[in-house]
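S.K.: Got structure.tsv for you, TSV, C-alpha atoms:
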chain	number	residue	atom	x	y	z
A	1	MET	CA	126.56	114.86	118.09
A	2	THR	CA	123.00	114.57	119.39
A	3	ASN	CA	122.78	115.40	123.11
A	4	VAL	CA	119.92	113.58	124.81
A	5	ILE	CA	118.21	113.72	128.20
A	6	ILE	CA	116.36	110.57	129.27
A	7	ASN	CA	113.43	111.27	131.58
A	8	GLY	CA	112.20	108.22	133.45
A	9	SER	CA	115.70	106.79	133.57
A	10	LYS	CA	115.08	104.46	136.52
A	11	GLY	CA	112.22	102.59	134.90
A	12	ARG	CA	112.44	99.50	132.72
A	13	MET	CA	112.48	101.50	129.51
A	14	GLY	CA	114.81	104.13	130.94
A	15	LEU	CA	117.41	101.53	131.83
A	16	SER	CA	117.12	99.99	128.39
A	17	LEU	CA	117.55	103.39	126.74
A	18	LEU	CA	120.70	104.06	128.74
A	19	ALA	CA	122.18	100.71	127.74
A	20	CYS	CA	121.30	101.05	124.05
A	21	ALA	CA	122.49	104.67	123.82
A	22	LYS	CA	126.05	103.55	124.51
A	23	GLN	CA	126.03	101.61	121.25
A	24	ILE	CA	124.88	104.43	118.96
A	25	PRO	CA	127.55	106.60	117.33
A	26	GLY	CA	126.90	110.33	117.37
A	27	LEU	CA	124.60	110.21	120.38
A	28	SER	CA	125.42	111.29	123.93
A	29	VAL	CA	123.21	111.05	127.03
A	30	VAL	CA	123.96	114.29	128.87
A	31	ALA	CA	121.53	113.63	131.74
A	32	ALA	CA	119.44	110.73	133.09
A	33	ILE	CA	116.66	112.01	135.34
A	34	ASP	CA	113.63	110.63	137.11
A	35	SER	CA	110.93	111.65	139.58
A	36	GLY	CA	112.09	114.52	141.79
A	37	ASP	CA	114.88	115.68	139.48
A	38	ASP	CA	114.87	119.14	137.89
A	39	LEU	CA	114.56	118.96	134.10
A	40	ARG	CA	114.96	122.72	133.75
A	41	ALA	CA	118.40	122.60	135.35
A	42	VAL	CA	119.86	120.14	132.85
A	43	LEU	CA	117.87	121.01	129.73
A	44	PRO	CA	120.28	123.68	128.38
A	45	LYS	CA	122.84	120.90	127.78
A	46	ALA	CA	120.52	118.91	125.52
A	47	ASP	CA	119.14	118.96	121.99
A	48	VAL	CA	116.25	116.61	122.72
A	49	VAL	CA	114.43	114.94	125.62
A	50	ILE	CA	113.20	111.35	125.52
A	51	ASP	CA	110.30	110.97	127.95
A	52	PHE	CA	109.43	107.50	129.23
A	53	SER	CA	108.07	108.60	132.58
A	54	PHE	CA	104.28	108.58	133.16
A	55	HIS	CA	101.36	109.98	131.19
A	56	THR	CA	100.50	112.63	133.79
A	57	VAL	CA	104.09	113.92	133.70
A	58	THR	CA	104.39	114.32	129.93
A	59	PRO	CA	102.39	117.56	129.52
A	60	GLY	CA	104.69	119.32	132.00
A	61	VAL	CA	107.77	117.95	130.24
A	62	ALA	CA	106.39	119.18	126.92
A	63	ALA	CA	105.78	122.64	128.38
A	64	ILE	CA	109.35	122.92	129.67
A	65	CYS	CA	110.80	121.72	126.35
A	66	ALA	CA	108.63	124.18	124.43
A	67	ASP	CA	109.73	127.06	126.68
A	68	GLN	CA	113.40	126.27	125.99
A	69	GLY	CA	112.99	125.28	122.33
A	70	LYS	CA	114.08	121.66	122.75
A	71	ALA	CA	112.77	118.73	120.69
A	72	LEU	CA	110.86	115.95	122.44
A	73	VAL	CA	110.37	112.21	121.91
A	74	ILE	CA	107.35	110.88	123.83
A	75	GLY	CA	107.21	107.23	124.85
A	76	THR	CA	104.53	107.41	127.54
A	77	THR	CA	101.04	106.05	126.84
A	78	GLY	CA	97.62	106.16	128.47
A	79	HIS	CA	97.10	109.93	128.13
A	80	SER	CA	93.67	111.41	128.74
A	81	ASP	CA	92.05	113.55	126.05
A	82	GLU	CA	92.93	116.63	128.10
A	83	GLU	CA	96.58	115.58	128.35
A	84	LYS	CA	96.75	114.89	124.63
A	85	SER	CA	95.33	118.32	123.84
A	86	GLU	CA	97.82	120.04	126.13
A	87	ILE	CA	100.76	118.18	124.58
A	88	ARG	CA	99.64	119.04	121.05
A	89	ASN	CA	99.41	122.71	121.98
A	90	HIS	CA	103.09	122.67	122.94
A	91	ALA	CA	103.92	121.00	119.61
A	92	LYS	CA	103.06	124.27	117.91
A	93	ARG	CA	106.46	125.53	119.14
A	94	ILE	CA	108.74	122.49	118.93
A	95	PRO	CA	109.06	119.25	116.94
A	96	MET	CA	107.89	116.11	118.72
A	97	VAL	CA	107.95	112.43	117.85
A	98	TRP	CA	104.97	110.89	119.60
A	99	ALA	CA	104.48	107.19	118.99
A	100	SER	CA	102.66	104.44	120.83
A	101	ASN	CA	105.46	102.04	119.88
A	102	TYR	CA	108.97	102.73	118.60
A	103	SER	CA	109.79	99.27	117.27
A	104	THR	CA	110.47	98.98	113.54
A	105	GLY	CA	108.53	95.71	113.47
A	106	VAL	CA	105.45	97.18	115.13
A	107	ASN	CA	105.42	100.14	112.77
A	108	THR	CA	105.54	97.67	109.91
A	109	LEU	CA	102.53	95.99	111.57
A	110	PHE	CA	100.73	99.35	111.56
A	111	TRP	CA	101.37	99.69	107.82
A	112	LEU	CA	100.31	96.10	107.08
A	113	THR	CA	97.15	96.46	109.18
A	114	ARG	CA	96.01	99.47	107.18
A	115	LYS	CA	96.72	97.72	103.86
A	116	ALA	CA	95.01	94.50	104.95
A	117	ALA	CA	91.92	96.37	106.17
A	118	GLU	CA	91.70	98.24	102.87
A	119	ILE	CA	92.16	95.10	100.74
A	120	LEU	CA	89.97	92.68	102.72
A	121	GLY	CA	87.08	95.10	103.13
A	122	PRO	CA	83.99	95.15	105.35
A	123	SER	CA	83.14	91.44	105.01
A	124	PHE	CA	85.93	90.60	107.48
A	125	ASP	CA	85.30	90.97	111.22
A	126	LEU	CA	88.02	92.82	113.14
A	127	GLU	CA	89.49	91.80	116.50
A	128	VAL	CA	92.67	92.94	118.30
A	129	ILE	CA	94.36	90.96	121.07
A	130	GLU	CA	97.26	92.35	123.12
A	131	MET	CA	99.26	90.83	125.97
A	132	HIS	CA	101.72	92.53	128.31
A	133	HIS	CA	103.51	91.89	131.58
A	134	ARG	CA	101.58	91.91	134.84
A	135	LEU	CA	103.01	95.29	135.91
A	136	LYS	CA	101.61	97.32	132.99
A	137	LYS	CA	99.29	100.02	134.30
A	138	ASP	CA	97.16	100.99	131.27
A	139	ALA	CA	94.87	98.97	129.03
A	140	PRO	CA	94.48	98.59	126.16
A	141	SER	CA	98.12	99.23	125.32
A	142	GLY	CA	99.13	102.29	123.34
A	143	THR	CA	100.10	100.03	120.45
A	144	ALA	CA	96.71	98.32	120.47
A	145	THR	CA	95.02	101.71	120.57
A	146	THR	CA	96.94	102.76	117.46
A	147	LEU	CA	95.90	99.55	115.70
A	148	LEU	CA	92.27	100.25	116.63
A	149	GLU	CA	92.55	103.81	115.33
A	150	ILE	CA	93.92	102.50	112.02
A	151	LEU	CA	91.05	100.03	111.70
A	152	GLY	CA	88.51	102.66	112.67
A	153	ASN	CA	89.85	105.10	110.09
A	154	VAL	CA	89.73	102.52	107.31
A	155	ARG	CA	86.20	101.43	108.25
A	156	LYS	CA	85.13	105.05	108.86
A	157	VAL	CA	83.56	104.27	112.24
A	158	GLN	CA	83.65	106.08	115.58
A	159	LEU	CA	85.67	103.93	117.96
A	160	ARG	CA	83.65	104.95	121.01
A	161	GLU	CA	80.65	103.32	119.38
A	162	ALA	CA	82.39	100.44	117.60
A	163	LEU	CA	84.73	99.08	120.29
A	164	ARG	CA	83.87	95.97	122.33
A	165	HIS	CA	86.22	95.48	125.29
A	166	GLY	CA	85.99	91.73	125.74
A	167	ARG	CA	82.60	90.05	125.94
A	168	GLU	CA	80.55	88.64	128.79
A	169	GLY	CA	77.10	87.17	129.18
A	170	ILE	CA	74.44	87.07	126.50
A	171	THR	CA	75.90	89.60	124.10
A	172	GLY	CA	73.90	88.61	121.06
A	173	GLU	CA	75.38	87.98	117.64
A	174	ARG	CA	78.44	89.95	116.66
A	175	THR	CA	77.58	92.99	114.56
A	176	SER	CA	79.52	93.77	111.39
A	177	SER	CA	80.45	97.25	112.62
A	178	GLU	CA	82.03	96.34	115.96
A	179	ILE	CA	85.78	96.01	116.58
A	180	GLY	CA	86.84	93.75	119.42
A	181	ILE	CA	89.73	94.55	121.76
A	182	HIS	CA	91.06	92.11	124.35
A	183	ALA	CA	93.79	93.02	126.86
A	184	VAL	CA	95.66	90.15	128.53
A	185	ARG	CA	98.09	90.65	131.43
A	186	GLY	CA	100.54	88.21	132.96
A	187	GLY	CA	104.12	87.25	133.64
A	188	ASP	CA	106.93	89.21	132.03
A	189	VAL	CA	105.59	89.51	128.46
A	190	VAL	CA	107.21	92.52	126.81
A	191	GLY	CA	104.43	92.97	124.27
A	192	ASP	CA	102.39	90.79	121.90
A	193	HIS	CA	99.86	92.20	119.44
A	194	THR	CA	97.61	90.35	117.00
A	195	VAL	CA	95.10	91.77	114.53
A	196	ILE	CA	92.50	89.24	113.36
A	197	PHE	CA	90.55	89.60	110.12
A	198	ALA	CA	87.88	86.85	110.19
A	199	ALA	CA	85.41	86.04	107.42
A	200	THR	CA	83.31	83.06	106.46
A	201	GLY	CA	85.70	80.30	105.43
A	202	GLU	CA	88.98	82.13	106.03
A	203	ARG	CA	90.94	84.17	108.53
A	204	VAL	CA	94.00	86.43	108.29
A	205	GLU	CA	96.11	87.18	111.38
A	206	LEU	CA	98.91	89.72	111.66
A	207	THR	CA	101.09	89.28	114.75
A	208	HIS	CA	104.08	91.03	116.28
A	209	LYS	CA	105.84	89.70	119.39
A	210	ALA	CA	108.53	91.65	121.22
A	211	SER	CA	111.02	89.72	123.30
A	212	SER	CA	113.21	92.66	124.33
A	213	ARG	CA	112.60	96.30	125.25
A	214	ASP	CA	115.76	97.13	123.34
A	215	THR	CA	113.74	97.17	120.10
A	216	PHE	CA	111.67	100.06	121.49
A	217	SER	CA	114.73	101.83	122.87
A	218	GLN	CA	116.64	101.66	119.60
A	219	GLY	CA	113.66	103.12	117.77
A	220	ALA	CA	113.23	105.96	120.28
A	221	LEU	CA	116.93	106.81	120.10
A	222	ARG	CA	116.73	106.77	116.30
A	223	ALA	CA	113.76	109.14	116.53
A	224	SER	CA	115.73	111.48	118.80
A	225	GLN	CA	118.40	111.89	116.13
A	226	TRP	CA	115.82	112.29	113.35
A	227	VAL	CA	113.69	114.96	115.03
A	228	ILE	CA	116.47	117.54	115.48
A	229	GLY	CA	115.92	120.50	113.18
A	230	ARG	CA	112.44	119.45	112.02
A	231	PRO	CA	109.67	122.07	111.84
A	232	ALA	CA	107.42	122.33	114.89
A	233	GLY	CA	104.67	119.73	114.96
A	234	VAL	CA	103.82	116.16	115.90
A	235	TYR	CA	105.51	113.29	114.07
A	236	ASP	CA	105.43	109.54	114.60
A	237	MET	CA	107.62	106.55	113.77
A	238	GLN	CA	105.96	106.22	110.38
A	239	ASP	CA	107.58	109.60	109.61
A	240	VAL	CA	110.91	108.54	111.08
A	241	LEU	CA	110.98	105.32	109.05
A	242	GLY	CA	109.70	106.93	105.84
A	243	LEU	CA	106.61	104.71	105.70
A	244	LYS	CA	104.14	107.49	104.94
A	245	ALA	CA	103.17	107.98	101.32
Let me see the structure of the file written as structure tokens.
M.R.:
Amino acid sequence: MTNVIINGSKGRMGLSLLACAKQIPGLSVVAAIDSGDDLRAVLPKADVVIDFSFHTVTPGVAAICADQGKALVIGTTGHSDEEKSEIRNHAKRIPMVWASNYSTGVNTLFWLTRKAAEILGPSFDLEVIEMHHRLKKDAPSGTATTLLEILGNVRKVQLREALRHGREGITGERTSSEIGIHAVRGGDVVGDHTVIFAATGERVELTHKASSRDTFSQGALRASQWVIGRPAGVYDMQDVLGLKA
């Protein structure tokens, strides 16, 4: 039996996690906590914590888990470079699954994006478009950021120099080295992501559309069972799904 604590249990993802956990054999939610609750008090009952709270909270959660030797699954996005560094330091003591998106379909999109970028080559222009609900606080989304990192790695470019966040005014002709990113917000969209590879005479588009948060929840819960007993370090859903070569 895998004993899980869900942190951020009152949010949209937290509620989805609680509902989906009831359907998974061999998994028990021993505590559902949120802002103001004491993680240290309930942590001894758990094997792993799933954190879908807020990016500023995650480093503290990671520190507490590391102190008590508990595995961690991180679902928050929008971390600063300083927050990322702090979290990775704690991963030297415990195993963590840290993914921008826990959906099986999106992780397949990650894999396909890398392969397409490798096959199509530098003659194709790269653009990423993401759309989320009007309440989302960070942009671009964590999933879009991962897609951009994949494209940047394949093209061997520095994203800080290559990225173009939308376009306005007289921007001049598009350069071959830039990667466009466009964040759209509105309504109750769970998450749409499209990667465009555009060349003269042809265009390839890879798209994933999520219609339910349950896809993310099921993936995060799967990750919580997978991470138990792993060596200390940072893993992602590509590891969980066995998609890494």
S.K.: For a quick check of understanding, using all atoms listed in the file, which of A:Met131, A:Ala139, A:Ala32, A:Ala117 has the smallest distance to A:Ile6?
M.R.: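 Looking at the shortest contact to A:Ile6, the residue is A:Ala32.
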S.K.: Around (109.3, 89.8, 123.5) in the file's own coordinates, what residues are found within 10 Å if you use only C-alpha atoms, given back as a PyMOL selection string?
M.R.: chain A and resi 132+188-192+208-215
S.K.: Once you have the residues from the selection above, write them out as a JSON list (two decimals), in the coordinates of the input, restricted to C-alpha atoms.
M.R.:
[["chain", "number", "residue", "atom", "x", "y", "z"],
["A", 132, "HIS", "CA", 101.72, 92.53, 128.31],
["A", 188, "ASP", "CA", 106.93, 89.21, 132.03],
["A", 189, "VAL", "CA", 105.59, 89.51, 128.46],
["A", 190, "VAL", "CA", 107.21, 92.52, 126.81],
["A", 191, "GLY", "CA", 104.43, 92.97, 124.27],
["A", 192, "ASP", "CA", 102.39, 90.79, 121.90],
["A", 208, "HIS", "CA", 104.08, 91.03, 116.28],
["A", 209, "LYS", "CA", 105.84, 89.70, 119.39],
["A", 210, "ALA", "CA", 108.53, 91.65, 121.22],
["A", 211, "SER", "CA", 111.02, 89.72, 123.30],
["A", 212, "SER", "CA", 113.21, 92.66, 124.33],
["A", 213, "ARG", "CA", 112.60, 96.30, 125.25],
["A", 214, "ASP", "CA", 115.76, 97.13, 123.34],
["A", 215, "THR", "CA", 113.74, 97.17, 120.10]]
S.K.: So how many Å separate atom CA of A:Thr175 and atom CA of A:Asn107, to one decimal?
M.R.: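 Interatomic distance, atom CA of A:Thr175 to atom CA of A:Asn107: 28.8 Å.
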S.K.: For A:Ile119, which of A:Ser9, A:Glu178, A:Phe197, A:Ile170 is the closest residue, counting only C-alpha atoms?
M.R.: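 Smallest separation from A:Ile119 among the options: A:Phe197.
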S.K.: Per residue of stretch 41-85 of chain A within 9 Å of stretch 222-240 of chain A, note the shortest atom pair and the distance in Å to one decimal, counting all atoms listed in the file, and order the rows by chain and increasing residue number, as a tab-separated table.
M.R.:
residue	atom	partner	partner_atom	distance
A:Asp47	CA	A:Ile228	CA	7.2
A:Val48	CA	A:Ser224	CA	6.5
A:Val49	CA	A:Ser224	CA	7.8
A:Ile50	CA	A:Ser224	CA	7.2
A:Lys70	CA	A:Ile228	CA	8.7
A:Ala71	CA	A:Ile228	CA	6.5
A:Leu72	CA	A:Ser224	CA	7.5
A:Val73	CA	A:Ser224	CA	6.2
S.K.: Between atom CA of A:Asp138 and atom CA of A:Ala183, what is the spacing in Å?
M.R.: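 Separation between atom CA of A:Ala183 and atom CA of A:Asp138: 9.7 Å.
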S.K.: So, with all atoms listed in the file as the atoms that count, which of A:His55, A:His182, A:Arg114, A:Arg164 lies closest to A:His79?
M.R.: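 Result for the nearest residue to A:His79: A:His55.
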S.K.: Pick from A:Gly219, A:Gly166, A:Gly180, A:Gly172: nearest to A:Thr194, with only C-alpha atoms counted?
M.R.: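 Looking at the shortest contact to A:Thr194, the residue is A:Gly180.
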S.K.: From the options A:Leu206, A:Thr56, A:Gly69, A:Phe124, which residue's atoms come nearest to A:Asp81, counting all atoms listed in the file?
M.R.: A:Thr56
